[in-house]
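Source file entry_24.cif; content: mmCIF, C-alpha atoms.
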data_model
#
loop_
_atom_site.label_atom_id
_atom_site.label_comp_id
_atom_site.auth_asym_id
_atom_site.auth_seq_id
_atom_site.Cartn_x
_atom_site.Cartn_y
_atom_site.Cartn_z
CA MET A 4 -23.58 34.71 33.51
CA ILE A 5 -21.47 32.54 31.24
CA LEU A 6 -23.34 33.83 28.16
CA THR A 7 -22.95 37.39 29.36
CA VAL A 8 -19.19 37.01 29.62
CA MET A 9 -19.07 35.33 26.19
CA ARG A 10 -21.00 38.22 24.59
CA HIS A 11 -18.69 40.68 26.32
CA GLU A 12 -15.65 38.84 24.95
CA TRP A 13 -17.04 38.95 21.43
CA ARG A 14 -17.63 42.68 21.72
CA LEU A 15 -14.06 43.21 22.92
CA MET A 16 -12.67 41.15 20.04
CA ARG A 17 -14.77 43.09 17.53
CA ARG A 18 -13.30 46.34 18.81
CA SER A 19 -9.71 45.07 18.84
CA PRO A 20 -7.57 45.87 15.75
CA VAL A 21 -5.44 42.81 16.55
CA SER A 22 -8.48 40.56 16.22
CA TRP A 23 -9.40 42.03 12.83
CA TRP A 24 -5.87 41.78 11.51
CA ALA A 25 -5.47 38.20 12.75
CA ALA A 26 -8.86 37.14 11.36
CA GLY A 27 -8.20 38.85 8.04
CA LEU A 28 -4.82 37.20 7.59
CA LEU A 29 -6.20 33.80 8.56
CA LEU A 30 -9.15 34.05 6.17
CA ALA A 31 -6.92 35.31 3.35
CA ALA A 32 -4.48 32.44 3.89
CA THR A 33 -7.40 29.99 4.01
CA ALA A 34 -8.88 31.29 0.75
CA TYR A 35 -5.49 31.15 -0.96
CA ALA A 36 -4.81 27.64 0.32
CA LEU A 37 -8.25 26.38 -0.73
CA ALA A 38 -7.93 27.92 -4.20
CA GLY A 39 -4.48 26.39 -4.64
CA GLY A 40 -5.66 23.02 -3.37
CA LEU A 41 -8.65 23.01 -5.73
CA ALA A 42 -6.43 23.89 -8.70
CA TRP A 43 -3.94 21.16 -7.79
CA GLN A 44 -6.71 18.59 -7.27
CA GLN A 45 -8.24 19.39 -10.66
CA GLU A 46 -4.82 19.28 -12.30
CA ARG A 47 -4.13 15.86 -10.83
CA ALA A 48 -7.57 14.56 -11.82
CA ASP A 49 -7.13 15.81 -15.39
CA GLU A 50 -3.64 14.30 -15.52
CA ALA A 51 -4.88 10.91 -14.32
CA VAL A 52 -7.68 10.94 -16.92
CA ALA A 53 -5.28 12.02 -19.66
CA ILE A 54 -2.81 9.26 -18.79
CA ALA A 55 -5.54 6.64 -18.78
CA GLU A 56 -6.87 7.91 -22.12
CA THR A 57 -3.37 7.90 -23.59
CA GLY A 58 -2.87 4.27 -22.64
CA ALA A 59 -6.28 3.31 -24.02
CA SER A 60 -5.69 5.18 -27.28
CA MET A 61 -2.31 3.53 -27.80
CA LEU A 62 -3.82 0.08 -27.37
CA ALA A 63 -6.69 1.04 -29.69
CA GLU A 64 -4.25 2.13 -32.40
CA GLN A 65 -2.25 -1.08 -32.03
CA ARG A 66 -5.45 -3.10 -32.14
CA ALA A 67 -6.44 -1.41 -35.40
CA SER A 68 -3.04 -2.05 -36.99
CA ALA A 69 -2.98 -5.64 -35.72
CA ALA A 70 -5.77 -6.51 -38.15
CA GLU A 71 -3.31 -6.14 -41.03
CA ASP A 72 0.17 -7.05 -39.82
CA GLY A 73 -0.39 -8.37 -36.30
CA GLY A 74 0.42 -6.53 -33.10
CA ALA A 75 3.99 -6.58 -31.80
CA VAL A 76 4.29 -7.70 -28.22
CA SER A 77 7.27 -5.40 -27.69
CA GLN A 78 5.21 -2.32 -28.61
CA ALA A 79 2.15 -2.99 -26.48
CA ARG A 80 2.07 -0.74 -23.45
CA THR A 81 -0.33 1.15 -21.26
CA TYR A 82 -0.31 3.18 -18.04
CA ALA A 83 -1.34 2.84 -14.42
CA ALA A 84 -2.49 6.18 -12.99
CA LEU A 85 -3.24 7.16 -9.41
CA PRO A 86 -6.28 9.44 -9.01
CA PRO A 87 -6.09 12.28 -6.47
CA GLY A 88 -7.19 11.55 -2.93
CA PRO A 89 -10.79 12.06 -1.82
CA LEU A 90 -9.86 15.34 -0.08
CA ALA A 91 -6.68 16.17 -1.98
CA ALA A 92 -7.54 19.89 -1.96
CA PHE A 93 -7.36 19.95 1.85
CA SER A 94 -3.99 18.33 2.53
CA VAL A 95 -1.59 17.70 -0.33
CA GLY A 96 1.06 16.17 1.89
CA LEU A 97 3.70 14.44 -0.23
CA ALA A 98 1.26 13.52 -3.00
CA ASP A 99 2.77 16.06 -5.40
CA LEU A 100 6.19 14.38 -5.17
CA LEU A 101 5.39 10.70 -4.75
CA PRO A 102 4.78 8.56 -7.89
CA LYS A 103 1.38 9.06 -9.48
CA HIS A 104 1.64 7.02 -12.69
CA ALA A 105 3.67 4.20 -14.19
CA GLU A 106 4.24 2.92 -17.73
CA ILE A 107 3.41 -0.77 -18.14
CA SER A 108 5.23 -2.78 -20.82
CA ILE A 109 7.51 -5.77 -21.17
CA TRP A 110 10.48 -3.41 -20.95
CA ARG A 111 9.64 -2.43 -17.38
CA ARG A 112 10.84 -4.15 -14.23
CA PRO A 113 9.38 -3.61 -10.74
CA ASP A 114 12.50 -1.69 -9.71
CA THR A 115 12.24 0.74 -12.67
CA LEU A 116 8.48 1.20 -12.61
CA PHE A 117 8.56 4.47 -10.67
CA GLY A 118 11.79 6.01 -11.87
CA ARG A 119 14.22 7.41 -9.36
CA TYR A 120 11.71 7.90 -6.53
CA GLN A 121 12.70 4.55 -5.06
CA LEU A 122 16.32 5.67 -4.85
CA GLU A 123 15.70 8.70 -2.66
CA SER A 124 15.02 9.05 1.01
CA PRO A 125 11.48 10.26 1.75
CA LEU A 126 13.01 12.88 4.04
CA SER A 127 14.06 14.82 0.92
CA LEU A 128 10.41 15.02 -0.08
CA LEU A 129 9.14 16.78 3.05
CA ALA A 130 8.56 20.18 1.44
CA GLY A 131 4.92 20.51 0.47
CA ARG A 132 2.39 22.96 -0.94
CA PHE A 133 0.61 25.76 0.89
CA ASP A 134 -2.65 23.97 1.64
CA LEU A 135 -5.40 23.96 4.25
CA GLY A 136 -3.43 21.46 6.28
CA PHE A 137 -0.61 24.02 6.57
CA VAL A 138 -3.10 26.71 7.62
CA VAL A 139 -4.52 24.47 10.36
CA LEU A 140 -1.17 23.22 11.64
CA TYR A 141 0.81 26.47 11.64
CA LEU A 142 -1.43 29.52 11.25
CA LEU A 143 -4.52 28.52 13.22
CA PRO A 144 -2.54 28.15 16.50
CA LEU A 145 -1.04 31.60 15.94
CA PHE A 146 -4.52 33.04 15.43
CA ILE A 147 -5.70 31.38 18.65
CA LEU A 148 -2.66 32.64 20.57
CA ALA A 149 -3.20 36.17 19.27
CA LEU A 150 -6.76 36.18 20.65
CA SER A 151 -6.07 34.26 23.85
CA TYR A 152 -2.66 35.14 25.22
CA ASP A 153 -4.17 37.57 27.79
CA LEU A 154 -7.20 35.60 28.95
CA LEU A 155 -6.78 36.73 32.56
CA ALA A 156 -3.68 38.93 32.43
CA ALA A 157 -5.58 41.90 30.99
CA GLU A 158 -7.99 41.96 33.95
CA ARG A 159 -5.14 41.49 36.42
CA GLU A 160 -3.04 44.30 34.98
CA GLY A 161 -6.02 46.62 34.66
CA GLY A 162 -7.16 45.98 38.22
CA ARG A 163 -10.55 44.75 37.01
CA LEU A 164 -10.32 41.16 38.17
CA SER A 165 -11.62 41.82 41.69
CA LEU A 166 -14.54 43.81 40.29
CA VAL A 167 -15.43 41.07 37.79
CA LEU A 168 -15.39 38.43 40.51
CA THR A 169 -17.92 40.38 42.59
CA GLN A 170 -20.44 38.98 40.13
CA PRO A 171 -21.87 35.47 40.66
CA LEU A 172 -18.94 33.93 38.76
CA SER A 173 -15.87 32.09 39.96
CA LEU A 174 -12.42 32.57 38.50
CA PRO A 175 -12.46 29.13 36.78
CA GLY A 176 -15.93 30.00 35.46
CA LEU A 177 -14.63 33.29 34.06
CA LEU A 178 -11.81 31.47 32.27
CA ALA A 179 -14.25 28.83 30.98
CA ALA A 180 -16.53 31.54 29.53
CA LYS A 181 -13.58 33.18 27.76
CA LEU A 182 -12.50 29.83 26.34
CA LEU A 183 -16.02 29.00 25.16
CA ALA A 184 -16.25 32.34 23.34
CA ARG A 185 -13.10 31.51 21.38
CA LEU A 186 -14.16 27.92 20.88
CA VAL A 187 -17.30 29.18 19.14
CA LEU A 188 -15.10 31.24 16.80
CA LEU A 189 -12.98 28.18 16.07
CA THR A 190 -16.10 26.16 15.25
CA ALA A 191 -17.44 28.95 13.03
CA PHE A 192 -14.13 29.15 11.16
CA LEU A 193 -14.09 25.43 10.41
CA ALA A 194 -17.76 25.56 9.39
CA VAL A 195 -16.91 28.32 6.90
CA VAL A 196 -14.04 26.22 5.54
CA ALA A 197 -16.32 23.20 5.10
CA ALA A 198 -19.05 25.27 3.42
CA ALA A 199 -16.59 26.97 1.06
CA ALA A 200 -15.00 23.65 0.11
CA ALA A 201 -18.40 22.04 -0.49
CA LEU A 202 -19.59 24.94 -2.65
CA ALA A 203 -16.34 24.84 -4.63
CA GLY A 204 -16.78 21.13 -5.34
CA ALA A 205 -13.80 19.95 -3.33
CA VAL A 206 -15.78 17.29 -1.45
CA PRO A 207 -17.00 14.26 -3.46
CA ALA A 208 -20.24 12.63 -2.39
CA LEU A 209 -18.50 9.64 -0.81
CA ALA A 210 -15.90 11.77 0.99
CA TRP A 211 -18.17 13.42 3.57
CA PRO A 212 -17.18 11.00 6.37
CA ARG A 213 -13.55 11.85 5.67
CA LEU A 214 -14.39 15.57 5.74
CA ILE A 215 -16.12 15.22 9.11
CA GLY A 216 -13.07 13.40 10.46
CA TRP A 217 -10.74 16.06 8.99
CA LEU A 218 -12.72 18.86 10.62
CA ALA A 219 -12.86 16.95 13.92
CA VAL A 220 -9.08 16.63 14.01
CA ALA A 221 -8.66 20.32 13.15
CA TRP A 222 -11.17 21.28 15.88
CA LEU A 223 -9.45 19.14 18.51
CA TYR A 224 -6.09 20.59 17.49
CA GLY A 225 -7.40 24.13 17.92
CA ALA A 226 -9.09 23.22 21.21
CA LEU A 227 -5.79 21.85 22.48
CA TRP A 228 -4.12 25.20 21.85
CA LEU A 229 -6.94 26.94 23.71
CA ALA A 230 -6.31 24.61 26.63
CA VAL A 231 -2.61 25.51 26.51
CA CYS A 232 -3.58 29.19 26.64
CA ALA A 233 -5.73 28.48 29.69
CA LEU A 234 -2.86 26.65 31.41
CA VAL A 235 -0.45 29.51 30.81
CA ALA A 236 -3.04 32.07 31.91
CA ALA A 237 -3.49 30.21 35.19
CA PHE A 238 0.20 30.58 36.10
CA ALA A 239 1.52 33.71 34.36
CA ARG A 240 0.37 37.08 35.69
CA ARG A 241 1.49 39.50 32.97
CA SER A 242 0.52 39.67 29.31
CA GLU A 243 4.15 39.81 28.18
CA THR A 244 4.96 36.65 30.09
CA CYS A 245 1.94 34.85 28.64
CA ALA A 246 2.80 35.89 25.09
CA ALA A 247 6.46 34.88 25.39
CA THR A 248 5.58 31.53 27.00
CA LEU A 249 2.98 30.67 24.37
CA ALA A 250 5.33 31.67 21.54
CA ALA A 251 8.00 29.39 22.96
CA ILE A 252 5.52 26.52 23.26
CA TRP A 253 4.42 27.05 19.64
CA LEU A 254 8.02 27.01 18.42
CA ILE A 255 8.86 23.85 20.33
CA ALA A 256 5.68 21.93 19.47
CA VAL A 257 5.34 22.97 15.82
CA LEU A 258 8.92 23.47 14.64
CA VAL A 259 11.54 22.05 17.01
CA ILE A 260 10.08 18.64 17.88
CA PRO A 261 9.03 17.80 14.27
CA GLY A 262 12.51 18.80 13.12
CA LEU A 263 14.12 16.57 15.71
CA LEU A 264 11.86 13.67 14.72
CA GLU A 265 12.82 14.19 11.09
CA ALA A 266 16.51 14.10 11.92
CA ALA A 267 16.07 11.10 14.19
CA VAL A 268 14.18 8.99 11.67
CA GLY A 269 16.86 9.66 9.05
CA THR A 270 19.59 8.62 11.47
CA LEU A 271 17.92 5.65 13.16
CA ARG A 272 16.02 4.31 10.13
CA PRO A 273 18.18 5.13 7.08
CA VAL A 274 17.34 3.93 3.58
CA PRO A 275 19.87 2.45 1.12
CA SER A 276 21.87 4.99 -0.81
CA ARG A 277 21.34 5.67 -4.51
CA LEU A 278 24.95 4.71 -5.25
CA GLU A 279 24.47 1.29 -3.69
CA TYR A 280 21.40 0.62 -5.78
CA VAL A 281 22.89 1.87 -9.08
CA THR A 282 26.03 -0.19 -8.52
CA ALA A 283 24.00 -3.35 -7.88
CA MET A 284 21.79 -2.67 -10.92
CA ARG A 285 24.77 -2.18 -13.25
CA ALA A 286 26.52 -5.28 -11.96
CA ALA A 287 23.38 -7.38 -12.39
CA SER A 288 22.77 -6.00 -15.90
CA SER A 289 26.37 -6.64 -16.95
CA GLU A 290 26.35 -10.22 -15.68
CA ALA A 291 22.99 -10.90 -17.30
CA SER A 292 24.15 -9.50 -20.67
CA GLN A 293 27.26 -11.66 -20.65
CA ALA A 294 25.28 -14.78 -19.87
CA SER A 295 22.23 -14.03 -22.05
CA SER A 296 22.49 -17.23 -24.09
CA GLU A 297 22.84 -19.37 -20.97
CA LEU A 298 19.92 -17.56 -19.32
CA LEU A 299 17.76 -18.10 -22.39
CA ALA A 300 18.60 -21.80 -22.47
CA GLN A 301 17.85 -22.08 -18.76
CA TYR A 302 14.54 -20.26 -19.23
CA TYR A 303 13.49 -22.68 -21.99
CA HIS A 304 14.59 -25.56 -19.80
CA GLU A 305 12.37 -24.33 -16.97
CA HIS A 306 9.49 -23.55 -19.36
CA PRO A 307 9.57 -26.21 -22.11
CA GLU A 308 6.05 -25.29 -23.23
CA LEU A 309 7.44 -21.99 -24.55
CA ALA A 310 9.71 -23.81 -27.03
CA ALA A 311 6.85 -25.48 -28.84
CA ASN A 312 7.57 -23.78 -32.14
CA GLY A 313 11.18 -24.93 -32.09
CA GLU A 314 12.58 -21.38 -32.32
CA GLN A 315 14.83 -20.98 -29.32
CA GLY A 316 16.66 -17.77 -30.09
CA GLY A 317 16.37 -14.16 -31.16
CA PHE A 318 17.13 -10.84 -29.54
CA LEU A 319 13.78 -10.29 -27.82
CA PRO A 320 13.64 -13.67 -25.98
CA ALA A 321 17.28 -13.37 -24.93
CA TYR A 322 16.84 -9.80 -23.71
CA TYR A 323 13.62 -10.66 -21.90
CA ALA A 324 15.29 -13.59 -20.13
CA SER A 325 18.23 -11.40 -19.07
CA GLU A 326 15.83 -8.74 -17.74
CA ARG A 327 14.07 -11.34 -15.62
CA ASP A 328 17.44 -12.38 -14.22
CA VAL A 329 18.25 -8.75 -13.36
CA GLU A 330 14.85 -8.50 -11.68
CA ARG A 331 15.61 -11.60 -9.63
CA ARG A 332 18.99 -10.24 -8.54
CA LEU A 333 17.62 -6.83 -7.54
CA GLU A 334 14.51 -8.14 -5.80
CA PRO A 335 16.20 -8.42 -2.36
CA LEU A 336 17.54 -4.86 -2.59
CA LEU A 337 14.14 -3.49 -3.63
CA ALA A 338 12.42 -5.42 -0.85
CA ASP A 339 14.94 -4.06 1.65
CA PHE A 340 14.28 -0.50 0.46
CA GLU A 341 10.52 -0.90 0.78
CA GLN A 342 10.88 -2.48 4.20
CA ARG A 343 12.99 0.41 5.42
CA LEU A 344 10.38 2.88 4.20
CA VAL A 345 7.74 0.97 6.14
CA SER A 346 10.04 0.95 9.17
CA GLN A 347 10.50 4.72 8.89
CA GLN A 348 6.76 5.30 8.78
CA ALA A 349 6.18 2.93 11.69
CA TRP A 350 8.78 4.83 13.72
CA VAL A 351 7.01 8.12 12.98
CA GLU A 352 3.69 6.53 13.94
CA ARG A 353 5.07 5.54 17.33
CA TRP A 354 6.57 8.96 18.07
CA ARG A 355 3.86 11.17 16.55
CA PHE A 356 2.42 11.72 20.04
CA ALA A 357 5.52 13.72 20.96
CA SER A 358 4.10 16.75 19.16
CA PRO A 359 0.47 17.73 18.54
CA ALA A 360 1.51 19.17 15.18
CA VAL A 361 2.95 15.85 14.00
CA LEU A 362 -0.06 13.99 15.40
CA ALA A 363 -2.55 16.25 13.63
CA GLN A 364 -0.55 16.34 10.39
CA GLU A 365 -0.43 12.56 10.09
CA ALA A 366 -4.19 12.37 10.63
CA LEU A 367 -5.06 15.20 8.24
CA ILE A 368 -2.95 13.71 5.45
CA GLU A 369 -4.40 10.24 6.04
CA LEU A 370 -7.98 11.53 5.93
CA ALA A 371 -7.30 13.60 2.82
CA GLY A 372 -5.89 10.62 0.93
CA SER A 373 -2.38 12.00 0.50
CA SER A 374 -0.50 9.69 2.83
CA GLN A 375 2.44 7.45 2.05
CA ARG A 376 0.27 4.46 2.92
CA ARG A 377 -2.04 5.28 0.00
CA HIS A 378 0.91 5.63 -2.35
CA ARG A 379 2.36 2.33 -1.19
CA GLN A 380 -0.99 0.78 -2.06
CA PHE A 381 -0.73 2.32 -5.52
CA GLN A 382 2.76 0.93 -5.95
CA HIS A 383 1.57 -2.49 -4.88
CA ASP A 384 -1.34 -2.41 -7.34
CA ALA A 385 0.85 -1.13 -10.17
CA ARG A 386 3.44 -3.86 -9.64
CA ALA A 387 0.70 -6.47 -9.51
CA PHE A 388 -0.61 -5.06 -12.80
CA LEU A 389 2.90 -5.26 -14.28
CA ALA A 390 3.17 -8.90 -13.17
CA ASP A 391 -0.16 -9.69 -14.87
CA TRP A 392 1.05 -7.93 -18.01
CA HIS A 393 4.26 -9.99 -18.07
CA ALA A 394 2.30 -13.18 -17.48
CA GLU A 395 0.14 -12.36 -20.48
CA MET A 396 2.98 -11.32 -22.78
CA SER A 397 5.90 -13.60 -21.89
CA PRO A 398 4.55 -16.76 -23.60
CA ARG A 399 4.09 -14.81 -26.84
CA ILE A 400 7.65 -13.52 -26.65
CA PHE A 401 9.20 -16.97 -26.51
CA LEU A 402 6.71 -18.49 -28.96
CA GLY A 403 7.22 -15.65 -31.43
CA GLN A 404 3.50 -14.90 -31.60
CA GLN A 405 1.83 -11.65 -32.60
CA LEU A 406 -1.21 -10.09 -30.95
CA ALA A 407 -4.46 -10.53 -32.82
CA PRO A 408 -7.14 -7.79 -32.57
CA ALA A 409 -9.19 -9.96 -30.20
CA ASP A 410 -6.18 -10.41 -27.92
CA TYR A 411 -6.22 -6.71 -27.00
CA ASP A 412 -9.67 -7.13 -25.46
CA GLY A 413 -8.31 -9.70 -23.01
CA LEU A 414 -5.29 -7.70 -21.83
CA PRO A 415 -5.16 -6.94 -18.08
CA SER A 416 -6.51 -3.60 -16.90
CA PHE A 417 -5.39 -1.51 -13.94
CA GLY A 418 -7.56 -1.00 -10.88
CA PHE A 419 -6.60 0.97 -7.79
CA SER A 420 -7.82 -0.27 -4.40
CA GLU A 421 -8.59 2.82 -2.30
CA PRO A 422 -7.43 2.04 1.26
CA ALA A 423 -9.88 2.79 4.04
CA VAL A 424 -8.99 5.13 6.87
CA SER A 425 -7.60 3.21 9.82
CA ARG A 426 -10.02 3.52 12.72
CA GLN A 427 -7.25 2.69 15.15
CA HIS A 428 -5.08 5.48 13.75
CA PHE A 429 -7.96 7.97 13.93
CA ALA A 430 -8.87 6.93 17.48
CA GLY A 431 -5.24 7.32 18.55
CA THR A 432 -5.17 10.83 17.09
CA VAL A 433 -8.38 11.81 18.88
CA ALA A 434 -7.05 10.47 22.17
CA GLY A 435 -3.64 12.09 21.64
CA LEU A 436 -5.23 15.51 21.16
CA THR A 437 -8.03 15.22 23.73
CA LEU A 438 -6.17 13.87 26.75
CA PRO A 439 -3.47 16.60 26.88
CA ALA A 440 -6.17 19.26 26.48
CA LEU A 441 -8.19 17.83 29.35
CA LEU A 442 -5.06 17.53 31.49
CA ALA A 443 -4.16 21.17 30.83
CA LEU A 444 -7.69 22.29 31.74
CA VAL A 445 -7.69 20.25 34.95
CA VAL A 446 -4.34 21.71 36.05
CA ALA A 447 -5.52 25.22 35.18
CA TYR A 448 -8.77 24.72 37.11
CA ARG A 449 -7.00 23.43 40.23
CA ARG A 450 -4.58 26.36 40.06
CA LEU A 451 -7.34 28.97 39.71
CA ASP A 452 -9.54 27.32 42.30
CA ARG A 453 -6.88 28.10 44.93
CA PHE A 454 -6.03 31.51 43.52
CA GLU A 455 -6.49 34.50 45.81
CA VAL A 456 -7.24 37.73 44.00
CA ALA A 457 -5.97 39.82 46.89
CA SER A 458 -2.53 38.23 46.55
#
Would you write out, as structure tokens, the structure that this file holds?
Amino acid sequence: MILTVMRHEWRLMRRSPVSWWAAGLLLAATAYALAGGLAWQQERADEAVAIAETGASMLAEQRASAAEDGGAVSQARTYAALPPGPLAAFSVGLADLLPKHAEISIWRRPDTLFGRYQLESPLSLLAGRFDLGFVVLYLLPLFILALSYDLLAAEREGGRLSLVLTQPLSLPGLLAAKLLARLVLLTAFLAVVAAAAALAGAVPALAWPRLIGWLAVAWLYGALWLAVCALVAAFARRSETCAATLAAIWLIAVLVIPGLLEAAVGTLRPVPSRLEYVTAMRAASSEASQASSELLAQYYHEHPELAANGEQGGFLPAYYASERDVERRLEPLLADFEQRLVSQQAWVERWRFASPAVLAQEALIELAGSSQRRHRQFQHDARAFLADWHAEMSPRIFLGQQLAPADYDGLPSFGFSEPAVSRQHFAGTVAGLTLPALLALVVAYRRLDRFEVAS
């Protein structure tokens, strides 16, 4: 009997113009989002390759010229580039606005490595691209609501509910069959998305576990909205009431609560202002410039091995010493900024369970490789690379040495450490989406189990 009801539901949906319009719009939005995500992913991959090739070609040119005149330490530079995430075409997140490359040279300090990104609040970077994550978070629930807002109301209003229940089927069983019919459509939609992405080359060989996790989160998110439809259907008797109630729930869960969380994190976990940072940077630079000779003498005093050639002067050593003093002065402010960013993200992690949209979004971005955690890892690796570069170059600056051709072969190289997906984070997302869905189904079942059709 369950299969009979499911086949009947599919026939009704095939004959409904609303179903065709909703499915057409969803598929069109999905195709557009996937095409845009693929184009962006390829653009980012090409950009990362081009940046790496540019850095390698610059060092190769300097290596060739060093055979004649020696390579200048002040001109040696390269780049650290962040490749796109494993599933960047699925969820762009903030990856199009967060830093994706950095120039490495002796002229760079950790606080200037990523330009002005570090001076802005991440809340100003919330606007993202139209990607599959957006389709799943915003449009998929609307599609489910369009097909499921009248699960039982249509039979009640048409006077068919008593006739349907004369069959060997209970009212909870009828609702379960209707939900299963739509759950099959949800599964088929996500299977089409996965197949299209695989055929388009958006899923690298090593990213299939991430894809399975991404699809699992999307499926649970859609199933939760089906459970919400069942809960509303168990209490509301008219189609208009069901539609208005579900629309209000969608607005609150998808738009209102995330907006409130955004405002709250900016108020409760603010980051330092740009003016504060610029003022501190200018003050530190001015003091270091005025005391450049004293700083240089102090540097030689702390590193006597760098004065072996007896030349304790020159613009480059003095400027380099003053830059290191500026770096030392600004280090607490930079550390405070980074700590506040981590505090913001931790606050969002704690409160993401307040909305299924926020919960699913955080998981989808994490699985796609577009999260802030991945970009913080890139920043950490790039700053470590810059520190290695300074450690290699600073002795030559104070000793007045040039780079020989063989020295270029021993220069540090950048390597990005791809962070693994947190199992705890993924398990929390699964639990946060599954438990409310089960609770809604239990409440709906208990309500319908006591429902009297004659009433």
Selected residue, from A:Ala34, A:Glu352, A:Ala233, A:Ala267, that lies nearest to A:Gly176 when counting only C-alpha atoms: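 Ranking A:Ala34, A:Glu352, A:Ala233, A:Ala267 by distance to A:Gly176, first place goes to A:Ala233.
Going from atom CA of A:Ala338 to atom CA of A:Phe356 covers 28.8 Å.
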From A:Ala219, A:Ala434, A:Ala149, A:Ala69, residue lying nearest A:Trp23 [only C-alpha atoms]: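 With only C-alpha atoms as the atom set, the closest residue is A:Ala149.
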Answer key for the PyMOL selection byres ((chain A and resi 411-418) around 12), residues as a PyMOL selection string: chain A and resi 55+58-70+73-76+79-86+104-108+380-396+405-410+419-421
Export of prior selection with C-alpha atoms as a PDB file, in the frame of the given file:
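Final output, saved to again_19.pdb:
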ATOM      1  CA  ALA A  55      -5.540   6.640 -18.780  1.00  0.00           C
ATOM      2  CA  GLY A  58      -2.870   4.270 -22.640  1.00  0.00           C
ATOM      3  CA  ALA A  59      -6.280   3.310 -24.020  1.00  0.00           C
ATOM      4  CA  SER A  60      -5.690   5.180 -27.280  1.00  0.00           C
ATOM      5  CA  MET A  61      -2.310   3.530 -27.800  1.00  0.00           C
ATOM      6  CA  LEU A  62      -3.820   0.080 -27.370  1.00  0.00           C
ATOM      7  CA  ALA A  63      -6.690   1.040 -29.690  1.00  0.00           C
ATOM      8  CA  GLU A  64      -4.250   2.130 -32.400  1.00  0.00           C
ATOM      9  CA  GLN A  65      -2.250  -1.080 -32.030  1.00  0.00           C
ATOM     10  CA  ARG A  66      -5.450  -3.100 -32.140  1.00  0.00           C
ATOM     11  CA  ALA A  67      -6.440  -1.410 -35.400  1.00  0.00           C
ATOM     12  CA  SER A  68      -3.040  -2.050 -36.990  1.00  0.00           C
ATOM     13  CA  ALA A  69      -2.980  -5.640 -35.720  1.00  0.00           C
ATOM     14  CA  ALA A  70      -5.770  -6.510 -38.150  1.00  0.00           C
ATOM     15  CA  GLY A  73      -0.390  -8.370 -36.300  1.00  0.00           C
ATOM     16  CA  GLY A  74       0.420  -6.530 -33.100  1.00  0.00           C
ATOM     17  CA  ALA A  75       3.990  -6.580 -31.800  1.00  0.00           C
ATOM     18  CA  VAL A  76       4.290  -7.700 -28.220  1.00  0.00           C
ATOM     19  CA  ALA A  79       2.150  -2.990 -26.480  1.00  0.00           C
ATOM     20  CA  ARG A  80       2.070  -0.740 -23.450  1.00  0.00           C
ATOM     21  CA  THR A  81      -0.330   1.150 -21.260  1.00  0.00           C
ATOM     22  CA  TYR A  82      -0.310   3.180 -18.040  1.00  0.00           C
ATOM     23  CA  ALA A  83      -1.340   2.840 -14.420  1.00  0.00           C
ATOM     24  CA  ALA A  84      -2.490   6.180 -12.990  1.00  0.00           C
ATOM     25  CA  LEU A  85      -3.240   7.160  -9.410  1.00  0.00           C
ATOM     26  CA  PRO A  86      -6.280   9.440  -9.010  1.00  0.00           C
ATOM     27  CA  HIS A 104       1.640   7.020 -12.690  1.00  0.00           C
ATOM     28  CA  ALA A 105       3.670   4.200 -14.190  1.00  0.00           C
ATOM     29  CA  GLU A 106       4.240   2.920 -17.730  1.00  0.00           C
ATOM     30  CA  ILE A 107       3.410  -0.770 -18.140  1.00  0.00           C
ATOM     31  CA  SER A 108       5.230  -2.780 -20.820  1.00  0.00           C
ATOM     32  CA  GLN A 380      -0.990   0.780  -2.060  1.00  0.00           C
ATOM     33  CA  PHE A 381      -0.730   2.320  -5.520  1.00  0.00           C
ATOM     34  CA  GLN A 382       2.760   0.930  -5.950  1.00  0.00           C
ATOM     35  CA  HIS A 383       1.570  -2.490  -4.880  1.00  0.00           C
ATOM     36  CA  ASP A 384      -1.340  -2.410  -7.340  1.00  0.00           C
ATOM     37  CA  ALA A 385       0.850  -1.130 -10.170  1.00  0.00           C
ATOM     38  CA  ARG A 386       3.440  -3.860  -9.640  1.00  0.00           C
ATOM     39  CA  ALA A 387       0.700  -6.470  -9.510  1.00  0.00           C
ATOM     40  CA  PHE A 388      -0.610  -5.060 -12.800  1.00  0.00           C
ATOM     41  CA  LEU A 389       2.900  -5.260 -14.280  1.00  0.00           C
ATOM     42  CA  ALA A 390       3.170  -8.900 -13.170  1.00  0.00           C
ATOM     43  CA  ASP A 391      -0.160  -9.690 -14.870  1.00  0.00           C
ATOM     44  CA  TRP A 392       1.050  -7.930 -18.010  1.00  0.00           C
ATOM     45  CA  HIS A 393       4.260  -9.990 -18.070  1.00  0.00           C
ATOM     46  CA  ALA A 394       2.300 -13.180 -17.480  1.00  0.00           C
ATOM     47  CA  GLU A 395       0.140 -12.360 -20.480  1.00  0.00           C
ATOM     48  CA  MET A 396       2.980 -11.320 -22.780  1.00  0.00           C
ATOM     49  CA  GLN A 405       1.830 -11.650 -32.600  1.00  0.00           C
ATOM     50  CA  LEU A 406      -1.210 -10.090 -30.950  1.00  0.00           C
ATOM     51  CA  ALA A 407      -4.460 -10.530 -32.820  1.00  0.00           C
ATOM     52  CA  PRO A 408      -7.140  -7.790 -32.570  1.00  0.00           C
ATOM     53  CA  ALA A 409      -9.190  -9.960 -30.200  1.00  0.00           C
ATOM     54  CA  ASP A 410      -6.180 -10.410 -27.920  1.00  0.00           C
ATOM     55  CA  PHE A 419      -6.600   0.970  -7.790  1.00  0.00           C
ATOM     56  CA  SER A 420      -7.820  -0.270  -4.400  1.00  0.00           C
ATOM     57  CA  GLU A 421      -8.590   2.820  -2.300  1.00  0.00           C
TER      58      GLU A 421
END
